[in-house]
>>> print(open('input-v2.pdb').read())   # PDB, C-alpha atoms and all ligand atoms
ATOM      1  CA  MET A   1     -13.761 -76.201 -65.136
ATOM      2  CA  ARG A   2     -14.389 -79.939 -65.436
ATOM      3  CA  LYS A   3     -17.764 -80.858 -66.870
ATOM      4  CA  VAL A   4     -19.452 -84.169 -66.080
ATOM      5  CA  LYS A   5     -20.433 -86.006 -69.255
ATOM      6  CA  ILE A   6     -21.566 -89.316 -67.772
ATOM      7  CA  ARG A   7     -22.679 -89.846 -64.180
ATOM      8  CA  ILE A   8     -22.920 -93.340 -62.748
ATOM      9  CA  LYS A   9     -24.826 -93.676 -59.469
ATOM     10  CA  ASN A  10     -25.159 -96.841 -57.409
ATOM     11  CA  LEU A  11     -24.790 -99.073 -60.429
ATOM     12  CA  SER A  12     -25.365-102.772 -59.792
ATOM     13  CA  LYS A  13     -25.132-105.627 -62.234
ATOM     14  CA  ASN A  14     -25.428-109.362 -61.598
ATOM     15  CA  PHE A  15     -25.248-112.382 -63.855
ATOM     16  CA  GLY A  16     -27.507-114.884 -62.112
ATOM     17  CA  ASP A  17     -26.092-115.277 -58.600
ATOM     18  CA  LYS A  18     -22.836-113.636 -59.541
ATOM     19  CA  VAL A  19     -22.542-110.055 -58.351
ATOM     20  CA  VAL A  20     -20.335-108.144 -60.796
ATOM     21  CA  LEU A  21     -20.933-104.437 -60.110
ATOM     22  CA  LYS A  22     -22.137-103.309 -56.694
ATOM     23  CA  ASN A  23     -23.297 -99.753 -55.985
ATOM     24  CA  LEU A  24     -20.619 -98.337 -58.247
ATOM     25  CA  ASN A  25     -20.310 -94.559 -58.450
ATOM     26  CA  LEU A  26     -18.205 -92.788 -61.053
ATOM     27  CA  ASP A  27     -18.256 -89.503 -62.952
ATOM     28  CA  ILE A  28     -16.745 -89.274 -66.419
ATOM     29  CA  TYR A  29     -15.708 -85.796 -67.476
ATOM     30  CA  GLU A  30     -15.845 -84.231 -70.918
ATOM     31  CA  SER A  31     -12.599 -84.151 -72.917
ATOM     32  CA  GLU A  32     -10.762 -86.121 -70.250
ATOM     33  CA  SER A  33      -9.121 -89.476 -70.590
ATOM     34  CA  LEU A  34      -9.995 -91.969 -67.857
ATOM     35  CA  ALA A  35      -8.281 -95.303 -67.223
ATOM     36  CA  ILE A  36     -10.168 -98.142 -65.542
ATOM     37  CA  ILE A  37      -7.925-100.707 -63.906
ATOM     38  CA  GLY A  38      -8.434-103.710 -61.642
ATOM     39  CA  GLU A  39      -7.999-107.479 -61.351
ATOM     40  CA  SER A  40      -9.254-109.740 -64.102
ATOM     41  CA  GLY A  41     -12.957-110.512 -63.754
ATOM     42  CA  THR A  42     -13.796-107.450 -61.620
ATOM     43  CA  GLY A  43     -16.297-106.132 -64.164
ATOM     44  CA  LYS A  44     -14.288-103.575 -66.142
ATOM     45  CA  SER A  45     -15.536-104.708 -69.542
ATOM     46  CA  VAL A  46     -19.080-105.138 -68.209
ATOM     47  CA  LEU A  47     -18.967-101.581 -66.853
ATOM     48  CA  THR A  48     -17.996-100.160 -70.258
ATOM     49  CA  LYS A  49     -20.835-102.122 -71.875
ATOM     50  CA  CYS A  50     -23.290-100.703 -69.340
ATOM     51  CA  ILE A  51     -21.980 -97.219 -70.127
ATOM     52  CA  ASP A  52     -22.410 -97.491 -73.895
ATOM     53  CA  GLY A  53     -25.755 -99.282 -73.610
ATOM     54  CA  LEU A  54     -24.681-102.698 -74.914
ATOM     55  CA  GLU A  55     -25.412-104.320 -71.555
ATOM     56  CA  ASP A  56     -28.433-103.702 -69.346
ATOM     57  CA  TYR A  57     -27.972-103.206 -65.602
ATOM     58  CA  ASP A  58     -30.059-104.254 -62.626
ATOM     59  CA  SER A  59     -30.237-101.050 -60.635
ATOM     60  CA  GLY A  60     -28.724 -97.616 -60.321
ATOM     61  CA  ILE A  61     -28.494 -94.802 -62.812
ATOM     62  CA  ILE A  62     -26.300 -93.911 -65.759
ATOM     63  CA  SER A  63     -27.037 -90.383 -66.900
ATOM     64  CA  TYR A  64     -25.563 -88.745 -69.973
ATOM     65  CA  GLU A  65     -25.811 -84.968 -70.370
ATOM     66  CA  ASN A  66     -29.595 -84.409 -70.459
ATOM     67  CA  ILE A  67     -30.547 -88.108 -70.511
ATOM     68  CA  ASP A  68     -31.631 -88.945 -66.936
ATOM     69  CA  ASN A  69     -31.075 -92.679 -67.158
ATOM     70  CA  ILE A  70     -30.029 -94.432 -70.352
ATOM     71  CA  ARG A  71     -31.855 -97.550 -69.174
ATOM     72  CA  ASN A  72     -35.159 -95.822 -69.895
ATOM     73  CA  LEU A  73     -34.389 -95.079 -73.554
ATOM     74  CA  ASN A  74     -36.508 -96.811 -76.177
ATOM     75  CA  THR A  75     -34.771 -98.949 -78.803
ATOM     76  CA  GLN A  76     -34.436 -96.161 -81.345
ATOM     77  CA  LYS A  77     -33.048 -93.702 -78.810
ATOM     78  CA  LYS A  78     -30.752 -96.398 -77.435
ATOM     79  CA  ASN A  79     -29.285 -96.916 -80.909
ATOM     80  CA  GLU A  80     -28.800 -93.173 -81.306
ATOM     81  CA  TYR A  81     -27.075 -93.164 -77.936
ATOM     82  CA  LEU A  82     -24.805 -96.055 -78.922
ATOM     83  CA  GLY A  83     -23.899 -94.015 -82.017
ATOM     84  CA  LYS A  84     -22.128 -91.472 -79.804
ATOM     85  CA  PHE A  85     -19.489 -94.085 -78.938
ATOM     86  CA  GLY A  86     -16.444 -95.340 -80.762
ATOM     87  CA  ILE A  87     -15.483 -98.698 -79.323
ATOM     88  CA  LEU A  88     -12.348-100.804 -79.533
ATOM     89  CA  PHE A  89     -13.434-104.152 -78.083
ATOM     90  CA  GLN A  90     -11.103-106.296 -76.000
ATOM     91  CA  ASN A  91     -10.318-108.658 -78.927
ATOM     92  CA  ALA A  92     -10.390-105.906 -81.621
ATOM     93  CA  ALA A  93     -13.572-107.641 -82.932
ATOM     94  CA  LEU A  94     -12.923-107.230 -86.610
ATOM     95  CA  LEU A  95     -15.135-109.260 -88.905
ATOM     96  CA  ASP A  96     -12.906-112.007 -90.283
ATOM     97  CA  SER A  97     -14.939-112.596 -93.420
ATOM     98  CA  LEU A  98     -14.519-108.962 -94.493
ATOM     99  CA  THR A  99     -11.416-107.235 -95.805
ATOM    100  CA  VAL A 100      -9.926-104.301 -93.915
ATOM    101  CA  GLU A 101     -11.642-101.933 -96.340
ATOM    102  CA  GLU A 102     -14.995-103.633 -95.788
ATOM    103  CA  ASN A 103     -14.490-103.641 -92.022
ATOM    104  CA  LEU A 104     -13.984 -99.886 -92.139
ATOM    105  CA  LYS A 105     -16.715 -99.211 -94.714
ATOM    106  CA  PHE A 106     -19.043-101.130 -92.450
ATOM    107  CA  CYS A 107     -19.175 -97.913 -90.426
ATOM    108  CA  LYS A 108     -20.780 -96.221 -93.410
ATOM    109  CA  LYS A 109     -18.294 -93.399 -93.714
ATOM    110  CA  ASP A 110     -16.113 -92.532 -96.638
ATOM    111  CA  ASN A 111     -13.080 -91.034 -94.921
ATOM    112  CA  PHE A 112     -11.644 -94.439 -94.043
ATOM    113  CA  LYS A 113      -8.510 -93.964 -96.150
ATOM    114  CA  LYS A 114      -7.484 -90.873 -94.233
ATOM    115  CA  ILE A 115      -8.187 -92.621 -90.975
ATOM    116  CA  LEU A 116      -5.596 -95.299 -91.829
ATOM    117  CA  ASN A 117      -3.055 -92.498 -91.883
ATOM    118  CA  ASP A 118      -4.132 -91.490 -88.403
ATOM    119  CA  VAL A 119      -3.290 -94.961 -87.130
ATOM    120  CA  ALA A 120      -0.067 -95.125 -89.171
ATOM    121  CA  LEU A 121      -1.103 -97.948 -91.514
ATOM    122  CA  PRO A 122      -0.590 -98.088 -95.293
ATOM    123  CA  GLU A 123      -3.541 -98.076 -97.707
ATOM    124  CA  SER A 124      -2.189-101.309 -99.175
ATOM    125  CA  LEU A 125      -3.729-103.114 -96.195
ATOM    126  CA  LEU A 126      -7.258-102.394 -97.326
ATOM    127  CA  ASN A 127      -7.612-105.628 -99.299
ATOM    128  CA  GLU A 128      -6.226-107.873 -96.570
ATOM    129  CA  TYR A 129      -8.334-110.083 -94.287
ATOM    130  CA  PRO A 130      -7.893-109.578 -90.515
ATOM    131  CA  ASN A 131      -6.817-113.214 -89.993
ATOM    132  CA  ASN A 132      -3.707-112.562 -92.071
ATOM    133  CA  LEU A 133      -2.679-109.573 -89.965
ATOM    134  CA  SER A 134      -0.797-109.408 -86.684
ATOM    135  CA  ILE A 135      -2.774-108.617 -83.548
ATOM    136  CA  GLY A 136      -1.001-105.224 -83.348
ATOM    137  CA  VAL A 137      -2.227-104.284 -86.819
ATOM    138  CA  GLN A 138      -5.708-105.617 -86.003
ATOM    139  CA  LYS A 139      -5.806-103.419 -82.905
ATOM    140  CA  ARG A 140      -4.815-100.407 -84.989
ATOM    141  CA  ILE A 141      -7.585-101.150 -87.460
ATOM    142  CA  GLY A 142      -9.985-101.569 -84.537
ATOM    143  CA  LEU A 143      -8.799 -98.190 -83.295
ATOM    144  CA  ALA A 144      -9.306 -96.678 -86.763
ATOM    145  CA  ARG A 145     -12.834 -98.060 -86.824
ATOM    146  CA  ALA A 146     -13.514 -96.650 -83.358
ATOM    147  CA  ILE A 147     -12.465 -93.104 -84.309
ATOM    148  CA  LEU A 148     -13.912 -93.208 -87.841
ATOM    149  CA  LYS A 149     -17.197 -91.545 -87.044
ATOM    150  CA  SER A 150     -15.684 -88.887 -84.760
ATOM    151  CA  PRO A 151     -17.335 -90.263 -81.624
ATOM    152  CA  GLU A 152     -18.186 -88.159 -78.598
ATOM    153  CA  ILE A 153     -16.784 -90.892 -76.382
ATOM    154  CA  LEU A 154     -14.065 -93.385 -77.148
ATOM    155  CA  ILE A 155     -14.008 -96.699 -75.293
ATOM    156  CA  LEU A 156     -10.793 -98.694 -75.550
ATOM    157  CA  ASP A 157     -10.917-102.105 -73.901
ATOM    158  CA  GLU A 158      -7.360-103.383 -73.396
ATOM    159  CA  PRO A 159      -5.817-101.631 -76.424
ATOM    160  CA  THR A 160      -2.331-103.028 -75.762
ATOM    161  CA  THR A 161      -3.018-106.415 -74.156
ATOM    162  CA  GLY A 162      -1.438-109.303 -76.048
ATOM    163  CA  LEU A 163       1.012-107.055 -77.873
ATOM    164  CA  ASP A 164       4.750-107.203 -77.457
ATOM    165  CA  PRO A 165       6.131-104.220 -75.501
ATOM    166  CA  ILE A 166       7.435-102.383 -78.572
ATOM    167  CA  ILE A 167       4.137-102.569 -80.457
ATOM    168  CA  GLY A 168       2.325-101.753 -77.204
ATOM    169  CA  LYS A 169       4.435 -98.615 -76.898
ATOM    170  CA  GLN A 170       3.602 -97.614 -80.469
ATOM    171  CA  ILE A 171      -0.109 -98.066 -79.827
ATOM    172  CA  ASN A 172       0.113 -96.030 -76.610
ATOM    173  CA  SER A 173       1.849 -93.158 -78.445
ATOM    174  CA  LEU A 174      -0.757 -93.346 -81.172
ATOM    175  CA  ILE A 175      -3.651 -93.210 -78.702
ATOM    176  CA  LYS A 176      -1.967 -90.375 -76.834
ATOM    177  CA  LYS A 177      -1.737 -88.405 -80.065
ATOM    178  CA  LEU A 178      -5.354 -89.120 -81.021
ATOM    179  CA  VAL A 179      -6.806 -88.478 -77.593
ATOM    180  CA  LYS A 180      -4.868 -85.298 -76.924
ATOM    181  CA  GLU A 181      -5.253 -83.839 -80.430
ATOM    182  CA  LYS A 182      -8.938 -84.540 -80.791
ATOM    183  CA  LYS A 183      -9.784 -84.044 -77.111
ATOM    184  CA  ILE A 184     -12.204 -86.946 -77.175
ATOM    185  CA  THR A 185     -13.635 -88.098 -73.875
ATOM    186  CA  THR A 186     -11.908 -91.461 -73.534
ATOM    187  CA  ILE A 187     -12.370 -94.485 -71.282
ATOM    188  CA  THR A 188      -9.556 -97.022 -71.421
ATOM    189  CA  VAL A 189      -9.722-100.366 -69.656
ATOM    190  CA  THR A 190      -6.184-101.591 -69.230
ATOM    191  CA  HIS A 191      -3.603-103.668 -67.388
ATOM    192  CA  ASP A 192      -0.850-101.624 -69.033
ATOM    193  CA  MET A 193       0.408 -98.914 -66.685
ATOM    194  CA  GLN A 194       2.068 -97.192 -69.662
ATOM    195  CA  SER A 195      -1.442 -96.518 -71.011
ATOM    196  CA  VAL A 196      -2.366 -95.132 -67.607
ATOM    197  CA  TYR A 197       0.617 -92.830 -67.220
ATOM    198  CA  GLU A 198       0.981 -91.836 -70.853
ATOM    199  CA  PHE A 199      -2.491 -90.729 -71.863
ATOM    200  CA  SER A 200      -4.983 -91.156 -69.004
ATOM    201  CA  ASP A 201      -5.605 -87.983 -66.980
ATOM    202  CA  TYR A 202      -7.520 -89.829 -64.256
ATOM    203  CA  THR A 203      -7.700 -93.423 -63.070
ATOM    204  CA  ALA A 204     -10.464 -95.444 -61.445
ATOM    205  CA  PHE A 205      -9.468 -98.664 -59.675
ATOM    206  CA  ILE A 206     -12.241-101.236 -59.431
ATOM    207  CA  LYS A 207     -12.287-103.726 -56.601
ATOM    208  CA  LYS A 208     -15.121-106.073 -55.699
ATOM    209  CA  GLY A 209     -17.498-104.383 -58.101
ATOM    210  CA  SER A 210     -17.066-100.797 -56.994
ATOM    211  CA  ILE A 211     -14.529 -97.998 -57.253
ATOM    212  CA  SER A 212     -11.885 -98.453 -54.596
ATOM    213  CA  TRP A 213      -9.732 -95.493 -55.670
ATOM    214  CA  TYR A 214     -10.147 -92.568 -58.055
ATOM    215  CA  GLY A 215      -7.673 -89.811 -58.711
ATOM    216  CA  LYS A 216      -5.135 -88.267 -61.020
ATOM    217  CA  SER A 217      -3.031 -90.872 -62.780
ATOM    218  CA  ASN A 218       0.189 -89.045 -61.964
ATOM    219  CA  GLU A 219      -0.667 -89.191 -58.244
ATOM    220  CA  ILE A 220      -1.241 -92.944 -58.061
ATOM    221  CA  LYS A 221       2.190 -93.728 -56.695
ATOM    222  CA  LYS A 222       1.957 -91.002 -54.065
ATOM    223  CA  LYS A 223      -1.682 -91.179 -53.083
ATOM    224  CA  GLY A 224      -2.967 -94.597 -54.150
ATOM    225  CA  ASN A 225      -4.545 -96.808 -51.480
ATOM    226  CA  LYS A 226      -2.879-100.009 -50.333
ATOM    227  CA  SER A 227      -4.833-102.405 -52.527
ATOM    228  CA  LEU A 228      -4.214-100.248 -55.596
ATOM    229  CA  LEU A 229      -0.474-100.123 -54.946
ATOM    230  CA  ASN A 230      -0.390-103.879 -54.337
ATOM    231  CA  PHE A 231      -2.295-104.413 -57.578
ATOM    232  CA  ILE A 232       0.149-102.278 -59.549
ATOM    233  CA  ASN A 233       3.189-103.934 -57.998
ATOM    234  CA  GLY A 234       1.741-107.304 -58.953
ATOM    235  CA  LEU A 235       1.572-106.274 -62.607
ATOM    236  CA  TYR A 236       5.327-106.161 -63.023
TER     237      TYR A 236
HETATM  238  N1  LIG B   1     -22.564-112.248 -70.582
HETATM  239  C1  LIG B   1     -22.126-112.738 -69.427
HETATM  240  N2  LIG B   1     -22.780-113.755 -68.809
HETATM  241  C2  LIG B   1     -22.349-114.230 -67.627
HETATM  242  N3  LIG B   1     -21.283-113.759 -66.958
HETATM  243  C3  LIG B   1     -20.604-112.752 -67.526
HETATM  244  C4  LIG B   1     -20.985-112.188 -68.787
HETATM  245  N4  LIG B   1     -20.116-111.183 -69.089
HETATM  246  C5  LIG B   1     -19.237-111.137 -68.066
HETATM  247  N5  LIG B   1     -19.520-112.064 -67.145
HETATM  248  C6  LIG B   1     -18.799-112.283 -65.871
HETATM  249  O1  LIG B   1     -18.710-111.038 -65.201
HETATM  250  C7  LIG B   1     -17.449-110.920 -64.545
HETATM  251  C8  LIG B   1     -16.798-109.623 -65.004
HETATM  252  O2  LIG B   1     -16.460-109.756 -66.370
HETATM  253  P1  LIG B   1     -15.634-108.674 -67.169
HETATM  254  O3  LIG B   1     -15.470-109.204 -68.543
HETATM  255  O4  LIG B   1     -16.264-107.356 -67.010
HETATM  256  O5  LIG B   1     -14.243-108.685 -66.386
HETATM  257  P2  LIG B   1     -12.983-107.774 -66.650
HETATM  258  O6  LIG B   1     -12.730-106.976 -65.415
HETATM  259  O7  LIG B   1     -13.131-107.046 -67.929
HETATM  260  O8  LIG B   1     -11.828-108.895 -66.756
HETATM  261  P3  LIG B   1     -10.551-108.967 -67.745
HETATM  262  O9  LIG B   1      -9.521-108.060 -67.106
HETATM  263  O10 LIG B   1     -10.125-110.390 -67.663
HETATM  264  O11 LIG B   1     -10.954-108.541 -69.097
HETATM  265  C9  LIG B   1     -16.660-112.154 -64.898
HETATM  266  O12 LIG B   1     -16.766-113.051 -63.828
HETATM  267  C10 LIG B   1     -17.351-112.696 -66.117
HETATM  268  O13 LIG B   1     -17.230-114.088 -66.178
HETATM  269 MG    MG B   2     -12.275-107.185 -69.765
END
>>> encode(input="input-v2.pdb", output="structure tokens")
Amino acid sequence: MRKVKIRIKNLSKNFGDKVVLKNLNLDIYESESLAIIGESGTGKSVLTKCIDGLEDYDSGIISYENIDNIRNLNTQKKNEYLGKFGILFQNAALLDSLTVEENLKFCKKDNFKKILNDVALPESLLNEYPNNLSIGVQKRIGLARAILKSPEILILDEPTTGLDPIIGKQINSLIKKLVKEKKITTITVTHDMQSVYEFSDYTAFIKKGSISWYGKSNEIKKKGNKSLLNFINGLY
């Protein structure tokens, strides 16, 4: 039986005159992996930031288990809520002035050496600075940081974008292993259909600020609507 973990109802978000999300509805289920796809600038990253509480929204409801609407949480509760999430930001967002070890320690946990194993990186990297590392390695460290505190929800914003196909494939296999082994509820924003087919159980396609298609990832080709199929064909 699927269990709803996060329910999004009629979510709207504008920046000034610019409408980004418009009456968006989406349920996110526990222990499932969801891909969010759509054209650039359609609000995918903004949606994830609304979900984890980093961005406020104008109207609608985001409920999480017994929290009716995360918008109503006070600052302390909002921080506790944010603590449930492990986040890999679109640009990996490592702190350049800190070494890898310091970037990981920043999360105030002591199992960061083991976590490097999980993302297939050697301990010798701990004293390096992110600027000296390839983007693929930075993404893996970002991934390590995201899973470090055993989050309830993992948000991966473009985990393979900007990587060459071979490294992208490695990262996809790694995420697949992590997501399937640990059964973490995962939301992945991506333009990489390998990420969709390899480790995302369900897919939501955003168009013009709302969900234009939602369904099982392995049924996209058979059941996807016209704009979704056009979008996917345009990716290759
Ligand atoms: N803080 C902000 N202030 C003003 N506009 C913003 C802000 N953040 C995002 N936007 C705008 O909201 C729209 C959606 O942005 P978002 O980053 O969510 O797109 P996206 O779907 O993630 O695109 P991409 O695939 O390129 O990452 C864009 O037009 C963007 O310029
Ligand atoms: Mg984005």
>>> resolve_selection(input="input-v2.pdb", expression="the PyMOL selection byres (((chain A and resi 111-118) around 8) and not hetatm)", output="ChimeraX atom specification")
/A:101,104-105,109-110,119-123,141,144,147-148,178
>>> residues_around(input="input-v2.pdb", residues="range 215-217 of chain A", least_positions_apart="2", cutoff="8 Å", atoms="only C-alpha atoms", output="list of chain:residue names")
A:Val196, A:Tyr197, A:Ser200, A:Asp201, A:Tyr202, A:Thr203, A:Ala204, A:Trp213, A:Glu219, A:Ile220
>>> axis_aligned_box(input="input-v2.pdb", around="ligand LIG 1 (chain B)", padding_each_side="5 Å", output="AutoDock Vina command-line options")
--center_x -16.2 --center_y -110.6 --center_z -67.2 --size_x 23.3 --size_y 17.3 --size_z 16.8
>>> closest_atom_pairs(input="input-v2.pdb", of="chain A", to="ligand LIG 1 (chain B)", cutoff="8 Å", atoms="all atoms listed in the file", output="Markdown table")
| residue | atom | partner | partner_atom | distance |
| --- | --- | --- | --- | --- |
| A:Asn14 | CA | B:LIG1 | O1 | 7.8 |
| A:Phe15 | CA | B:LIG1 | C2 | 5.1 |
| A:Gly16 | CA | B:LIG1 | C2 | 7.6 |
| A:Lys18 | CA | B:LIG1 | O12 | 7.5 |
| A:Val19 | CA | B:LIG1 | O1 | 7.9 |
| A:Val20 | CA | B:LIG1 | C7 | 5.5 |
| A:Gly38 | CA | B:LIG1 | O6 | 6.6 |
| A:Glu39 | CA | B:LIG1 | O9 | 6.0 |
| A:Ser40 | CA | B:LIG1 | O9 | 3.5 |
| A:Gly41 | CA | B:LIG1 | O5 | 3.5 |
| A:Thr42 | CA | B:LIG1 | O6 | 4.0 |
| A:Gly43 | CA | B:LIG1 | O4 | 3.1 |
| A:Lys44 | CA | B:LIG1 | O6 | 3.8 |
| A:Ser45 | CA | B:LIG1 | O7 | 3.7 |
| A:Val46 | CA | B:LIG1 | O4 | 3.8 |
| A:Leu47 | CA | B:LIG1 | O4 | 6.4 |
| A:Gln90 | CA | B:LIG1 | O11 | 7.3 |
| A:Glu158 | CA | B:LIG1 | O11 | 7.6 |
| A:Val189 | CA | B:LIG1 | O7 | 7.7 |
| A:Thr190 | CA | B:LIG1 | O9 | 7.6 |
| A:His191 | CA | B:LIG1 | O9 | 7.4 |
>>> closest_residue(input="input-v2.pdb", among="A:Ile70, A:Ala35, A:Leu156, A:Glu65", to="Gln194 in chain A", atoms="only C-alpha atoms")
A:Ala35
>>> atom_distance(input="input-v2.pdb", atom1="CA of Gln138 in chain A", atom2="CA of Leu154 in chain A")
17.3 Å
>>> closest_residue(input="input-v2.pdb", among="A:Leu126, A:Val179, A:Ile37, A:Ile187", to="Lys5 in chain A", atoms="all atoms listed in the file")
A:Ile187
>>> atom_distance(input="input-v2.pdb", atom1="CA of Asp58 in chain A", atom2="CA of Pro159 in chain A")
28.0 Å
>>> closest_residue(input="input-v2.pdb", among="A:Thr99, A:Ser212, A:Ser173, A:Asn91", to="Ile135 in chain A", atoms="only C-alpha atoms")
A:Asn91
>>> atom_distance(input="input-v2.pdb", atom1="CA of Asn25 in chain A", atom2="CA of Gly142 in chain A")
28.9 Å
>>> decode(input="input-v2.pdb", residues="range 166-209 of chain A", atoms="C-alpha atoms", output="PDB file, in the first residue's frame")
ATOM      1  CA  ILE A 166      30.284   7.833 -18.352  1.00  0.00           C
ATOM      2  CA  ILE A 167      30.488   9.709 -15.051  1.00  0.00           C
ATOM      3  CA  GLY A 168      26.746  10.389 -15.298  1.00  0.00           C
ATOM      4  CA  LYS A 169      26.159   6.652 -15.597  1.00  0.00           C
ATOM      5  CA  GLN A 170      28.319   5.990 -12.541  1.00  0.00           C
ATOM      6  CA  ILE A 171      26.394   8.553 -10.513  1.00  0.00           C
ATOM      7  CA  ASN A 172      23.066   7.067 -11.635  1.00  0.00           C
ATOM      8  CA  SER A 173      24.168   3.565 -10.561  1.00  0.00           C
ATOM      9  CA  LEU A 174      25.354   4.968  -7.261  1.00  0.00           C
ATOM     10  CA  ILE A 175      22.056   6.750  -6.597  1.00  0.00           C
ATOM     11  CA  LYS A 176      20.134   3.650  -7.624  1.00  0.00           C
ATOM     12  CA  LYS A 177      22.088   1.620  -5.087  1.00  0.00           C
ATOM     13  CA  LEU A 178      21.608   4.195  -2.322  1.00  0.00           C
ATOM     14  CA  VAL A 179      17.945   4.825  -2.997  1.00  0.00           C
ATOM     15  CA  LYS A 180      16.973   1.187  -3.366  1.00  0.00           C
ATOM     16  CA  GLU A 181      19.090  -0.099  -0.462  1.00  0.00           C
ATOM     17  CA  LYS A 182      18.091   2.559   2.016  1.00  0.00           C
ATOM     18  CA  LYS A 183      14.538   2.982   0.712  1.00  0.00           C
ATOM     19  CA  ILE A 184      14.702   6.727   1.190  1.00  0.00           C
ATOM     20  CA  THR A 185      11.859   8.789  -0.196  1.00  0.00           C
ATOM     21  CA  THR A 186      13.641  10.559  -3.042  1.00  0.00           C
ATOM     22  CA  ILE A 187      12.802  13.489  -5.309  1.00  0.00           C
ATOM     23  CA  THR A 188      15.112  13.917  -8.284  1.00  0.00           C
ATOM     24  CA  VAL A 189      14.921  16.892 -10.617  1.00  0.00           C
ATOM     25  CA  THR A 190      16.564  15.889 -13.857  1.00  0.00           C
ATOM     26  CA  HIS A 191      16.980  16.260 -17.606  1.00  0.00           C
ATOM     27  CA  ASP A 192      18.688  12.863 -17.707  1.00  0.00           C
ATOM     28  CA  MET A 193      16.243  10.153 -18.765  1.00  0.00           C
ATOM     29  CA  GLN A 194      18.696   7.524 -17.478  1.00  0.00           C
ATOM     30  CA  SER A 195      18.035   8.874 -13.966  1.00  0.00           C
ATOM     31  CA  VAL A 196      14.323   8.592 -14.675  1.00  0.00           C
ATOM     32  CA  TYR A 197      14.371   5.041 -15.990  1.00  0.00           C
ATOM     33  CA  GLU A 198      17.093   3.690 -13.736  1.00  0.00           C
ATOM     34  CA  PHE A 199      16.001   4.696 -10.258  1.00  0.00           C
ATOM     35  CA  SER A 200      12.780   6.741 -10.339  1.00  0.00           C
ATOM     36  CA  ASP A 201       9.617   4.707  -9.701  1.00  0.00           C
ATOM     37  CA  TYR A 202       7.310   7.560 -10.718  1.00  0.00           C
ATOM     38  CA  THR A 203       7.683  10.693 -12.816  1.00  0.00           C
ATOM     39  CA  ALA A 204       5.978  14.076 -12.687  1.00  0.00           C
ATOM     40  CA  PHE A 205       6.230  16.280 -15.779  1.00  0.00           C
ATOM     41  CA  ILE A 206       5.863  19.989 -15.090  1.00  0.00           C
ATOM     42  CA  LYS A 207       4.520  22.298 -17.748  1.00  0.00           C
ATOM     43  CA  LYS A 208       3.502  25.921 -17.295  1.00  0.00           C
ATOM     44  CA  GLY A 209       3.781  25.695 -13.534  1.00  0.00           C
TER      45      GLY A 209
END
